[in-house]
Structure formats: structure tokens, C-alpha cells
>>> print(open('target-v1.cif').read())   # mmCIF, C-alpha atoms
data_target
#
loop_
_atom_site.group_PDB
_atom_site.id
_atom_site.type_symbol
_atom_site.label_atom_id
_atom_site.label_comp_id
_atom_site.auth_asym_id
_atom_site.auth_seq_id
_atom_site.Cartn_x
_atom_site.Cartn_y
_atom_site.Cartn_z
ATOM 1 C CA MET A 284 3.126 8.311 -13.255
ATOM 2 C CA HIS A 285 6.709 9.383 -13.815
ATOM 3 C CA ALA A 286 8.655 11.215 -11.199
ATOM 4 C CA ASP A 287 12.196 11.673 -12.318
ATOM 5 C CA SER A 288 13.587 13.981 -9.689
ATOM 6 C CA ALA A 289 13.602 13.741 -5.918
ATOM 7 C CA ASP A 290 11.629 17.005 -5.756
ATOM 8 C CA GLU A 291 8.871 15.649 -7.959
ATOM 9 C CA LEU A 292 8.701 12.526 -5.831
ATOM 10 C CA ALA A 293 8.608 14.498 -2.580
ATOM 11 C CA ALA A 294 5.715 16.554 -3.962
ATOM 12 C CA LEU A 295 3.584 13.421 -4.343
ATOM 13 C CA ASP A 296 1.040 12.557 -1.681
ATOM 14 C CA ASP A 297 1.227 9.282 0.227
ATOM 15 C CA THR A 298 -1.209 7.569 -2.143
ATOM 16 C CA GLY A 299 0.923 8.469 -5.159
ATOM 17 C CA LEU A 300 3.976 7.099 -3.375
ATOM 18 C CA MET A 301 2.123 3.851 -2.643
ATOM 19 C CA VAL A 302 1.498 3.406 -6.368
ATOM 20 C CA LEU A 303 5.170 4.011 -7.112
ATOM 21 C CA PHE A 304 6.193 1.653 -4.311
ATOM 22 C CA ALA A 305 4.090 -1.093 -5.873
ATOM 23 C CA ARG A 306 6.069 -0.579 -9.082
ATOM 24 C CA GLY A 307 9.301 -1.226 -7.230
ATOM 25 C CA ASP A 308 10.437 2.366 -6.587
ATOM 26 C CA GLY A 309 12.942 2.338 -3.709
ATOM 27 C CA GLN A 310 12.832 6.106 -3.228
ATOM 28 C CA ALA A 311 9.059 5.888 -2.662
ATOM 29 C CA ALA A 312 9.734 3.375 0.125
ATOM 30 C CA ARG A 313 12.202 5.773 1.769
ATOM 31 C CA LEU A 314 9.799 8.726 1.565
ATOM 32 C CA LEU A 315 6.863 6.735 2.920
ATOM 33 C CA THR A 316 9.048 5.477 5.763
ATOM 34 C CA ALA A 317 10.177 9.024 6.593
ATOM 35 C CA ARG A 318 6.597 10.282 6.600
ATOM 36 C CA LEU A 319 4.725 7.426 8.242
ATOM 37 C CA LEU A 320 7.058 5.445 10.482
ATOM 38 C CA PRO A 321 7.450 8.250 13.093
ATOM 39 C CA ARG A 322 3.656 8.536 13.337
ATOM 40 C CA ALA A 323 3.205 4.787 13.740
ATOM 41 C CA LEU A 324 5.939 4.659 16.378
ATOM 42 C CA ARG A 325 4.595 7.615 18.411
ATOM 43 C CA HIS A 326 1.084 6.205 18.338
ATOM 44 C CA ALA A 327 2.204 2.732 19.444
ATOM 45 C CA ALA A 328 4.648 4.055 22.046
ATOM 46 C CA ARG A 329 2.093 6.164 23.870
ATOM 47 C CA VAL A 330 -0.658 3.541 23.741
ATOM 48 C CA LEU A 331 1.593 0.670 24.843
ATOM 49 C CA GLY A 332 3.902 2.648 27.134
ATOM 50 C CA ASP A 333 6.816 0.462 26.068
ATOM 51 C CA MET A 334 9.262 1.526 23.377
ATOM 52 C CA ALA A 335 10.483 -1.969 22.448
ATOM 53 C CA GLU A 336 6.895 -3.196 21.970
ATOM 54 C CA ALA A 337 6.067 -0.005 20.112
ATOM 55 C CA GLU A 338 8.949 -0.573 17.683
ATOM 56 C CA ASP A 339 7.670 -4.086 16.962
ATOM 57 C CA VAL A 340 4.160 -2.800 16.337
ATOM 58 C CA ALA A 341 5.406 0.065 14.143
ATOM 59 C CA GLN A 342 7.546 -2.314 12.061
ATOM 60 C CA GLU A 343 4.720 -4.824 11.691
ATOM 61 C CA SER A 344 2.293 -2.058 10.701
ATOM 62 C CA MET A 345 4.681 -0.759 8.054
ATOM 63 C CA MET A 346 5.123 -4.318 6.772
ATOM 64 C CA ARG A 347 1.350 -4.581 6.335
ATOM 65 C CA LEU A 348 1.381 -1.261 4.506
ATOM 66 C CA TRP A 349 4.042 -2.540 2.083
ATOM 67 C CA ARG A 350 2.050 -5.698 1.461
ATOM 68 C CA ALA A 351 -1.110 -3.676 0.811
ATOM 69 C CA ALA A 352 0.615 -1.494 -1.798
ATOM 70 C CA PRO A 353 0.018 -3.682 -4.907
ATOM 71 C CA ASP A 354 -3.754 -3.568 -4.307
ATOM 72 C CA TRP A 355 -3.846 0.077 -3.247
ATOM 73 C CA ARG A 356 -6.363 2.056 -5.278
ATOM 74 C CA SER A 357 -5.002 5.455 -6.211
ATOM 75 C CA ASP A 358 -8.584 6.751 -6.535
ATOM 76 C CA GLY A 359 -9.790 4.962 -3.393
ATOM 77 C CA PRO A 360 -10.994 6.725 -0.252
ATOM 78 C CA ALA A 361 -8.373 5.238 2.098
ATOM 79 C CA GLN A 362 -5.411 7.438 3.022
ATOM 80 C CA PRO A 363 -2.227 5.509 3.823
ATOM 81 C CA ALA A 364 -1.694 7.416 7.099
ATOM 82 C CA THR A 365 -5.227 6.758 8.351
ATOM 83 C CA TRP A 366 -4.996 3.123 7.244
ATOM 84 C CA LEU A 367 -1.661 2.741 9.055
ATOM 85 C CA HIS A 368 -2.963 4.257 12.308
ATOM 86 C CA LYS A 369 -5.866 1.835 12.163
ATOM 87 C CA VAL A 370 -3.444 -1.090 11.923
ATOM 88 C CA VAL A 371 -1.330 0.329 14.769
ATOM 89 C CA ALA A 372 -4.452 0.776 16.924
ATOM 90 C CA ASN A 373 -5.540 -2.825 16.339
ATOM 91 C CA LEU A 374 -2.101 -4.340 16.891
ATOM 92 C CA ALA A 375 -1.578 -2.275 20.043
ATOM 93 C CA VAL A 376 -4.946 -3.312 21.469
ATOM 94 C CA ASP A 377 -4.131 -6.967 20.708
ATOM 95 C CA ARG A 378 -0.874 -6.644 22.640
ATOM 96 C CA LEU A 379 -2.554 -4.884 25.563
ATOM 97 C CA ARG A 380 -5.172 -7.619 25.783
ATOM 98 C CA LYS A 381 -2.579 -10.359 25.623
ATOM 99 C CA ALA A 382 -0.613 -8.637 28.384
ATOM 100 C CA ARG A 383 -3.787 -8.297 30.446
ATOM 101 C CA ARG A 384 -4.515 -12.011 30.040
ATOM 102 C CA ALA A 385 -0.953 -12.756 31.069
ATOM 103 C CA THR A 386 -1.213 -10.686 34.284
ATOM 104 C CA GLY A 387 -4.910 -11.317 34.869
ATOM 105 C CA LEU A 388 -5.459 -7.608 35.527
ATOM 106 C CA ASP A 389 -7.393 -5.038 33.564
ATOM 107 C CA PRO A 390 -5.365 -1.874 32.763
ATOM 108 C CA GLU A 391 -7.325 0.360 35.149
ATOM 109 C CA THR A 392 -6.753 -1.991 38.080
ATOM 110 C CA ALA A 393 -3.093 -2.396 37.177
ATOM 111 C CA ALA A 394 -2.660 1.383 36.988
ATOM 112 C CA THR A 395 -4.424 1.881 40.313
ATOM 113 C CA ILE A 396 -2.192 -0.681 41.987
ATOM 114 C CA ALA A 397 0.902 0.898 40.453
ATOM 115 C CA ASP A 398 -0.127 4.380 41.585
ATOM 116 C CA SER A 399 -0.943 3.290 45.110
ATOM 117 C CA ALA A 400 2.196 1.220 45.562
ATOM 118 C CA PRO A 401 4.600 2.606 48.153
ATOM 119 C CA GLY A 402 7.126 4.917 46.572
ATOM 120 C CA ALA A 403 5.156 5.268 43.359
ATOM 121 C CA GLU A 404 5.273 9.043 43.586
ATOM 122 C CA ALA A 405 8.972 9.024 44.229
ATOM 123 C CA ARG A 406 9.535 6.687 41.279
ATOM 124 C CA MET A 407 7.450 9.044 39.139
ATOM 125 C CA ALA A 408 9.680 11.913 40.244
ATOM 126 C CA ASP A 409 12.735 9.992 39.119
ATOM 127 C CA ALA A 410 11.237 8.720 35.929
ATOM 128 C CA ASP A 411 11.603 10.623 32.710
ATOM 129 C CA ARG A 412 8.738 12.713 31.503
ATOM 130 C CA MET A 413 7.604 10.268 28.841
ATOM 131 C CA ALA A 414 7.299 7.571 31.460
ATOM 132 C CA ALA A 415 5.131 9.973 33.475
ATOM 133 C CA LEU A 416 2.915 10.598 30.485
ATOM 134 C CA ASP A 417 2.719 6.871 29.763
ATOM 135 C CA ALA A 418 1.784 6.144 33.366
ATOM 136 C CA ALA A 419 -0.984 8.743 33.177
ATOM 137 C CA LEU A 420 -2.156 7.408 29.798
ATOM 138 C CA ALA A 421 -2.216 3.878 31.234
ATOM 139 C CA THR A 422 -4.960 4.974 33.610
ATOM 140 C CA LEU A 423 -7.284 5.642 30.667
ATOM 141 C CA PRO A 424 -9.462 2.998 29.028
ATOM 142 C CA GLU A 425 -8.038 1.748 25.702
ATOM 143 C CA ARG A 426 -10.244 3.768 23.362
ATOM 144 C CA GLN A 427 -9.876 6.941 25.378
ATOM 145 C CA ARG A 428 -6.114 6.492 25.324
ATOM 146 C CA GLN A 429 -6.060 5.947 21.550
ATOM 147 C CA ALA A 430 -8.297 8.966 20.950
ATOM 148 C CA VAL A 431 -6.177 11.260 23.149
ATOM 149 C CA VAL A 432 -2.929 10.131 21.495
ATOM 150 C CA LEU A 433 -4.296 10.571 17.978
ATOM 151 C CA ARG A 434 -5.838 13.952 18.763
ATOM 152 C CA HIS A 435 -3.251 15.608 20.960
ATOM 153 C CA ILE A 436 0.009 13.981 19.864
ATOM 154 C CA GLU A 437 -0.649 13.136 16.210
ATOM 155 C CA GLY A 438 -2.898 16.172 15.703
ATOM 156 C CA MET A 439 -5.500 14.217 13.744
ATOM 157 C CA SER A 440 -8.998 15.540 13.151
ATOM 158 C CA ASN A 441 -12.029 14.056 14.875
ATOM 159 C CA PRO A 442 -13.420 12.519 11.638
ATOM 160 C CA GLU A 443 -10.027 10.856 10.990
ATOM 161 C CA ILE A 444 -9.944 9.469 14.524
ATOM 162 C CA ALA A 445 -13.534 8.279 14.134
ATOM 163 C CA GLU A 446 -12.496 6.354 11.009
ATOM 164 C CA ILE A 447 -9.460 4.829 12.727
ATOM 165 C CA LEU A 448 -11.379 3.724 15.820
ATOM 166 C CA ASP A 449 -14.570 2.799 13.952
ATOM 167 C CA ILE A 450 -16.745 5.056 16.051
ATOM 168 C CA GLY A 451 -18.806 8.216 15.528
ATOM 169 C CA VAL A 452 -17.372 11.732 15.581
ATOM 170 C CA GLU A 453 -19.423 12.618 18.681
ATOM 171 C CA ALA A 454 -17.940 9.625 20.476
ATOM 172 C CA VAL A 455 -14.450 10.884 19.573
ATOM 173 C CA GLU A 456 -15.222 14.330 21.004
ATOM 174 C CA SER A 457 -16.446 12.764 24.197
ATOM 175 C CA LEU A 458 -13.461 10.391 24.471
ATOM 176 C CA THR A 459 -10.860 13.114 23.931
ATOM 177 C CA ALA A 460 -12.529 15.537 26.350
ATOM 178 C CA ARG A 461 -12.893 12.948 29.108
ATOM 179 C CA GLY A 462 -9.436 11.556 28.382
ATOM 180 C CA LYS A 463 -7.752 14.931 28.652
ATOM 181 C CA ARG A 464 -9.568 15.682 31.912
ATOM 182 C CA ALA A 465 -8.486 12.344 33.360
ATOM 183 C CA LEU A 466 -4.888 12.907 32.248
ATOM 184 C CA LYS A 467 -4.750 16.307 33.900
ATOM 185 C CA GLN A 468 -6.076 14.766 37.062
ATOM 186 C CA ALA A 469 -3.498 11.972 36.918
ATOM 187 C CA LEU A 470 -0.697 14.474 36.392
ATOM 188 C CA ASP A 471 -2.019 16.998 38.906
ATOM 189 C CA GLY A 472 0.632 17.885 41.382
ATOM 190 C CA GLN A 473 3.361 16.308 39.262
ATOM 191 C CA LYS A 474 4.501 19.555 37.715
ATOM 192 C CA GLU A 475 7.536 20.003 39.943
ATOM 193 C CA ALA A 476 8.461 16.336 39.725
ATOM 194 C CA LEU A 477 8.148 16.430 35.961
ATOM 195 C CA GLY A 478 10.539 19.338 35.700
ATOM 196 C CA TYR A 479 8.024 21.883 34.477
ATOM 197 C CA GLY A 480 7.880 23.747 37.750
ATOM 198 C CA GLY A 481 8.490 27.440 37.751
ATOM 199 C CA MET B 174 -6.347 29.050 43.382
ATOM 200 C CA ALA B 175 -8.275 26.210 41.737
ATOM 201 C CA ASP B 176 -8.027 28.034 38.408
ATOM 202 C CA ASP B 177 -4.297 28.423 38.860
ATOM 203 C CA ARG B 178 -3.931 24.715 39.589
ATOM 204 C CA LYS B 179 -6.032 23.837 36.528
ATOM 205 C CA LYS B 180 -3.904 26.109 34.370
ATOM 206 C CA LYS B 181 -0.719 24.505 35.616
ATOM 207 C CA ALA B 182 -2.083 21.025 34.891
ATOM 208 C CA GLU B 183 -3.007 22.156 31.386
ATOM 209 C CA GLU B 184 0.482 23.543 30.811
ATOM 210 C CA THR B 185 2.087 20.356 32.111
ATOM 211 C CA LEU B 186 0.006 18.215 29.811
ATOM 212 C CA ASP B 187 0.672 20.424 26.780
ATOM 213 C CA ALA B 188 4.408 20.280 27.491
ATOM 214 C CA LEU B 189 4.271 16.477 27.694
ATOM 215 C CA PHE B 190 2.307 16.244 24.437
ATOM 216 C CA ALA B 191 4.861 18.495 22.737
ATOM 217 C CA GLU B 192 7.667 16.280 23.971
ATOM 218 C CA ALA B 193 5.844 13.149 22.803
ATOM 219 C CA ARG B 194 5.576 14.670 19.320
ATOM 220 C CA ARG B 195 9.361 14.852 19.104
ATOM 221 C CA VAL B 196 9.803 11.077 19.418
ATOM 222 C CA GLU B 197 11.491 9.727 16.270
ATOM 223 C CA PRO B 198 12.425 6.196 15.220
ATOM 224 C CA ASP B 199 16.091 5.326 15.621
ATOM 225 C CA ALA B 200 18.287 4.436 12.665
ATOM 226 C CA ASP B 201 18.086 0.728 13.416
ATOM 227 C CA LEU B 202 14.274 0.668 13.189
ATOM 228 C CA VAL B 203 14.345 2.713 9.975
ATOM 229 C CA ALA B 204 16.847 0.241 8.488
ATOM 230 C CA ARG B 205 14.649 -2.731 9.461
ATOM 231 C CA VAL B 206 11.563 -1.133 7.919
ATOM 232 C CA LEU B 207 13.420 -0.306 4.702
ATOM 233 C CA ALA B 208 14.767 -3.858 4.513
ATOM 234 C CA ASP B 209 11.182 -5.134 4.836
ATOM 235 C CA ALA B 210 10.102 -2.761 2.093
ATOM 236 C CA GLU B 211 12.842 -3.995 -0.205
ATOM 237 C CA ALA B 212 11.967 -7.635 0.464
ATOM 238 C CA VAL B 213 8.285 -7.009 -0.273
ATOM 239 C CA GLN B 214 9.171 -5.142 -3.462
ATOM 240 C CA ARG B 215 11.312 -8.072 -4.585
ATOM 241 C CA GLU B 216 8.420 -10.466 -3.911
ATOM 242 C CA THR B 217 5.551 -8.462 -5.325
ATOM 243 C CA ALA B 218 6.858 -5.919 -7.838
ATOM 244 C CA ARG B 219 5.303 -6.557 -11.200
ATOM 245 C CA PRO B 220 7.914 -7.701 -13.718
ATOM 246 C CA PRO B 221 8.805 -4.952 -16.155
ATOM 247 C CA LEU B 222 7.003 -5.259 -19.441
ATOM 248 C CA GLN B 223 9.032 -7.123 -22.063
ATOM 249 C CA PRO B 224 9.807 -4.736 -24.897
ATOM 250 C CA ALA B 225 7.811 -5.882 -27.907
ATOM 251 C CA ARG B 226 10.032 -7.724 -30.342
ATOM 252 C CA ALA B 227 10.148 -5.378 -33.227
ATOM 253 C CA GLY B 228 10.068 -6.541 -36.834
ATOM 254 C CA ILE B 229 7.942 -8.124 -39.448
ATOM 255 C CA LEU B 230 8.066 -11.601 -37.894
ATOM 256 C CA ARG B 231 6.377 -10.316 -34.673
ATOM 257 C CA ARG B 232 3.833 -8.102 -36.439
ATOM 258 C CA PRO B 233 2.988 -9.297 -39.963
ATOM 259 C CA PRO B 234 1.485 -6.829 -42.461
ATOM 260 C CA ALA B 235 -2.308 -6.550 -42.490
ATOM 261 C CA TRP B 236 -2.778 -8.629 -45.649
ATOM 262 C CA ILE B 237 -0.808 -11.498 -44.139
ATOM 263 C CA ALA B 238 -2.687 -11.129 -40.884
ATOM 264 C CA ALA B 239 -5.930 -11.404 -42.901
ATOM 265 C CA LEU B 240 -4.758 -14.832 -44.136
ATOM 266 C CA GLY B 241 -4.317 -15.956 -40.539
ATOM 267 C CA GLY B 242 -0.818 -14.665 -39.945
ATOM 268 C CA TRP B 243 2.384 -16.276 -41.123
ATOM 269 C CA GLY B 244 0.915 -19.761 -40.591
ATOM 270 C CA GLY B 245 -2.035 -19.109 -42.891
ATOM 271 C CA PHE B 246 0.170 -17.412 -45.440
ATOM 272 C CA GLY B 247 2.476 -20.438 -45.453
ATOM 273 C CA GLY B 248 -0.469 -22.792 -46.047
ATOM 274 C CA VAL B 249 -1.844 -20.776 -48.945
ATOM 275 C CA THR B 250 1.616 -20.493 -50.523
ATOM 276 C CA ALA B 251 2.276 -24.227 -50.188
ATOM 277 C CA ALA B 252 -1.093 -25.114 -51.737
ATOM 278 C CA GLY B 253 -0.419 -22.769 -54.662
ATOM 279 C CA LEU B 254 3.026 -24.226 -55.273
ATOM 280 C CA VAL B 255 1.698 -27.792 -55.167
ATOM 281 C CA GLY B 256 -1.018 -26.870 -57.682
ATOM 282 C CA LEU B 257 1.514 -25.233 -59.984
ATOM 283 C CA ALA B 258 3.835 -28.235 -59.767
ATOM 284 C CA VAL B 259 1.052 -30.689 -60.517
ATOM 285 C CA GLY B 260 -0.132 -28.572 -63.445
ATOM 286 C CA PHE B 261 3.371 -28.242 -64.837
ATOM 287 C CA TRP B 262 4.549 -31.836 -64.506
ATOM 288 C CA SER B 263 1.238 -33.675 -64.944
ATOM 289 C CA PRO B 264 -0.962 -31.553 -67.230
ATOM 290 C CA ASP B 265 -2.751 -34.712 -68.460
ATOM 291 C CA MET B 266 -4.016 -35.404 -64.969
ATOM 292 C CA ILE B 267 -5.406 -31.888 -64.693
ATOM 293 C CA ASP B 268 -7.014 -32.148 -68.132
ATOM 294 C CA GLY B 269 -8.466 -35.510 -67.190
ATOM 295 C CA LEU B 270 -9.956 -34.005 -64.079
ATOM 296 C CA SER B 271 -11.569 -31.248 -66.153
ATOM 297 C CA GLY B 272 -12.996 -33.789 -68.605
ATOM 298 C CA GLY B 273 -10.693 -32.658 -71.467
ATOM 299 C CA GLN B 274 -12.195 -29.181 -71.492
ATOM 300 C CA LEU B 275 -8.943 -27.312 -70.966
ATOM 301 C CA TRP B 276 -7.116 -29.145 -73.785
ATOM 302 C CA THR B 277 -9.990 -28.581 -76.163
ATOM 303 C CA LEU B 278 -10.245 -24.905 -75.310
ATOM 304 C CA SER B 279 -6.528 -24.352 -75.673
ATOM 305 C CA GLY B 280 -6.442 -25.978 -79.109
ATOM 306 C CA GLY B 281 -3.502 -28.072 -78.078
ATOM 307 C CA ALA B 282 -1.510 -25.102 -76.754
ATOM 308 C CA VAL B 283 0.056 -25.078 -73.322
ATOM 309 C CA SER B 284 -2.406 -22.539 -71.948
ATOM 310 C CA PRO B 285 -6.125 -22.497 -72.781
ATOM 311 C CA ASP B 286 -7.514 -19.683 -74.895
ATOM 312 C CA LEU B 287 -9.973 -18.067 -72.579
ATOM 313 C CA THR B 288 -11.508 -16.042 -75.394
ATOM 314 C CA ALA B 289 -12.845 -19.309 -76.717
ATOM 315 C CA LEU B 290 -14.761 -19.691 -73.505
ATOM 316 C CA ALA B 291 -16.251 -16.212 -73.954
ATOM 317 C CA LEU B 292 -17.222 -16.927 -77.571
ATOM 318 C CA GLU B 293 -18.686 -20.258 -76.601
ATOM 319 C CA ASN B 294 -20.777 -18.456 -74.032
ATOM 320 C CA GLY B 295 -21.962 -16.037 -76.758
ATOM 321 C CA ASP B 296 -22.833 -18.879 -79.099
ATOM 322 C CA VAL B 297 -25.194 -20.466 -76.637
#
>>> encode(input="target-v1.cif", output="C-alpha cells")
Amino acid sequence: MHADSADELAALDDTGLMVLFARGDGQAARLLTARLLPRALRHAARVLGDMAEAEDVAQESMMRLWRAAPDWRSDGPAQPATWLHKVVANLAVDRLRKARRATGLDPETAATIADSAPGAEARMADADRMAALDAALATLPERQRQAVVLRHIEGMSNPEIAEILDIGVEAVESLTARGKRALKQALDGQKEALGYGG
Amino acid sequence: MADDRKKKAEETLDALFAEARRVEPDADLVARVLADAEAVQRETARPPLQPARAGILRRPPAWIAALGGWGGFGGVTAAGLVGLAVGFWSPDMIDGLSGGQLWTLSGGAVSPDLTALALENGDV
């Protein structure tokens, strides 16, 4: 595969860029980073609710992608973006579980305590909107949270999400529907505080 | 009223999702990821293929290759030269080895008359 100009390179899909990356092409690394790093970061940020942790997870996921490049099959079924989201999902869950062990609380209990703490509503009003979304997302079980983020923020299809989370398509539909309902409930009444009042 | 509330919640959530989609990595994270990429490429990139050394020494002609390459060709040449040298400087030894046949056939000349061999064959 020869791609002499930047335009030719930009026209390649992610798999083609992986092949070029494995051959030492620096421009392929830059294009893959531009295409995939924002997705990995958004996914991790909304699942973890912590930007510093999300940056670590995104960087580690990209590192695993680079290391996988030499063995990447250009005719294989795996898409780099789907593969990367799967790594992000697993790393994020690992971090959430470690954090849970450290605090001794499951996420639902922790979220309930946070929401019922005195002044929680006022803090929410002062917090930025992403923190409000993260707080609402934190009330969802892990899989539901991942499914909602991948569907509604990353815009992935149900079959793609099913592949990332290793579950059936019907399960994804159920998770996203229930997740969105729960989010709306968590954010109900926050419209003014969130700055979307009108 | 309930419908209105539901609609507002839906709008709020959609606005938050839209905002979440605008999150981008900062320059520092991009630089770290690119540095990782470069390090991995240095470690794992396959070495470029060595250009084949052109020339007859690298790729001998087919007839030399049939003799086993330059090594085989050298062996055959050396054996031929040794045989020629022995025949030139010690013809008696060669004639002795052939039981005097070559000397007889050549009639005392340096090289044997091969027609004599053919005639001898016809005489039998």
C-alpha cells in the first residue's frame, strides 16, 4: 500500500492506517490519533466521571492499539475503533471496581449517598454541566452507563455496542432504553440549575 | 403537565449529550499519545528490506547455479586444472594408469589418434 500524499492517506480507513502504522508511518499515527483518541477520551470520561483518570485510560488504550498494530489483519473483522472502545470499556470497569474496593461502596450506593447529602442539589447547581451529567451517569449500573455513553454520545450502532460489551443486541436495546429513562429521572428538575432553562 | 416535564427532561439530556460530544483531548495528551506511538514504532517497525546486492557475484548465471553456484564452479575448475597439469607434466603416469593404451593409440604422438579407436572398434 503506497500513499504518497496527505489526501491519499486521509482517504484510508482506520484499518489501512493501522497497516501503515505497523510499517513505521508517522503520519498514520497522527491520523489515527486524531480520529480515535477523542472517542476513547469521551468514552472514558463519561464512564469514569473523572477527566484525569479518563486521560490515563485513553492513553493506555491507544498504547495497546499501537502495540496491536503489527499483528493487525487488514482483512480481519475487527475495526480499530470498536476494538479501542472495548479496551476503554474494560480498563474503565477495572478502575471503577478498584475504586469501589477502595471505598467499600458499590456505585449505586455511593451515588445515592452523594445525592442525599445535604447541599447536594446546591452543589449540582454550581457544578458545570458535564459534572451534572457525570453525576447522573454515576447512578447507572456499569453496563447501562457504558451502553448509554456509546449510543448517545459516541453514536455507535446497537450491534457495535453489543460487540464492545460482549452482549446481545436485544440486551443493548434494553440497557440504553432503561439507562436513558434513569438519566432523565436523575436530571429531572435540574434544567434551570443546568442552565438550559427557558 | 407531565408531558411537558418529560419533554423538558428529554431536551436537557440531549443538550448534555451534545455538549459531551464536543469534549476533545488537550494538546498535552495528544503529544503523549504520539510519543507513545513513536516509541512503539521504533521498537516494532520491521526493518526496511535490504536492497539486493546487484551483480554477478550475488546472482550467478543459471549454468553456474546448476554446478552448485560459485563454490561448485570453483571445485570443477580446480579439478580440471589439476588434471590438465598432471597430464601435461606427468604424461607417463597417466599412460601407466591407462595400461599404455593412450601411448599405443597415439603412435607416440602427444595426443592419441581417436580414429584408431574407431577403427579398432570396427575391426572387432
>>> atom_distance(input="target-v1.cif", atom1="CA of Trp349 (chain A)", atom2="CA of Ala293 (chain A)")
18.2 Å
>>> closest_atom_pairs(input="target-v1.cif", of="chain B", to="chain A", cutoff="9 Å", atoms="all atoms listed in the file", output="CSV")
residue,atom,partner,partner_atom,distance
B:Arg178,CA,A:Asp471,CA,8.0
B:Lys179,CA,A:Lys467,CA,8.1
B:Lys181,CA,A:Lys474,CA,7.5
B:Ala182,CA,A:Lys467,CA,5.5
B:Glu183,CA,A:Lys467,CA,6.6
B:Glu184,CA,A:Tyr479,CA,8.5
B:Thr185,CA,A:Lys474,CA,6.2
B:Leu186,CA,A:Lys467,CA,6.6
B:Asp187,CA,A:His435,CA,8.5
B:Ala188,CA,A:Tyr479,CA,8.0
B:Leu189,CA,A:Leu416,CA,6.6
B:Phe190,CA,A:Ile436,CA,5.6
B:Ala191,CA,A:Ile436,CA,7.2
B:Glu192,CA,A:Met413,CA,7.7
B:Ala193,CA,A:Ile436,CA,6.6
B:Arg194,CA,A:Ile436,CA,5.6
B:Arg195,CA,A:Arg325,CA,8.7
B:Val196,CA,A:Arg325,CA,6.3
B:Glu197,CA,A:Pro321,CA,5.3
B:Pro198,CA,A:Pro321,CA,5.8
B:Leu202,CA,A:Glu338,CA,7.1
B:Val203,CA,A:Thr316,CA,7.3
B:Arg205,CA,A:Gln342,CA,7.6
B:Val206,CA,A:Gln342,CA,5.9
B:Leu207,CA,A:Arg313,CA,6.9
B:Asp209,CA,A:Met346,CA,6.4
B:Ala210,CA,A:Trp349,CA,6.1
B:Glu211,CA,A:Gly309,CA,7.2
B:Val213,CA,A:Trp349,CA,6.6
B:Gln214,CA,A:Gly307,CA,5.4
B:Arg215,CA,A:Gly307,CA,7.6
B:Thr217,CA,A:Pro353,CA,7.3
B:Ala218,CA,A:Gly307,CA,5.3
B:Arg219,CA,A:Arg306,CA,6.4
B:Pro220,CA,A:Arg306,CA,8.7
B:Pro221,CA,A:Arg306,CA,8.8
>>> atom_distance(input="target-v1.cif", atom1="CA of Ala204 (chain B)", atom2="CA of Leu314 (chain A)")
13.0 Å
>>> residues_near_point(input="target-v1.cif", point="(-1.4, 5.8, 10.3)", cutoff="9 Å", atoms="only C-alpha atoms", output="number ranges by chain")
A: 319-320, 322-323, 326, 344, 362-372, 447
>>> resolve_selection(input="target-v1.cif", expression="the PyMOL selection byres ((chain A and resi 356) around 12)", output="ChimeraX atom specification")
/A:297-303,305,351-355,357-363
>>> axis_aligned_box(input="target-v1.cif", around="region 439-455 of chain A", padding_each_side="8 Å", output="lines of an AutoDock Vina configuration file")
center_x = -12.5
center_y = 9.2
center_z = 15.7
size_x = 29.9
size_y = 28.7
size_z = 25.5
>>> atom_distance(input="target-v1.cif", atom1="CA of Ser457 (chain A)", atom2="CA of Ala430 (chain A)")
9.6 Å
>>> closest_residue(input="target-v1.cif", among="A:Val340, A:Asp449, A:Glu425, A:Ala418", to="Arg383 (chain A)", atoms="all atoms listed in the file")
A:Glu425
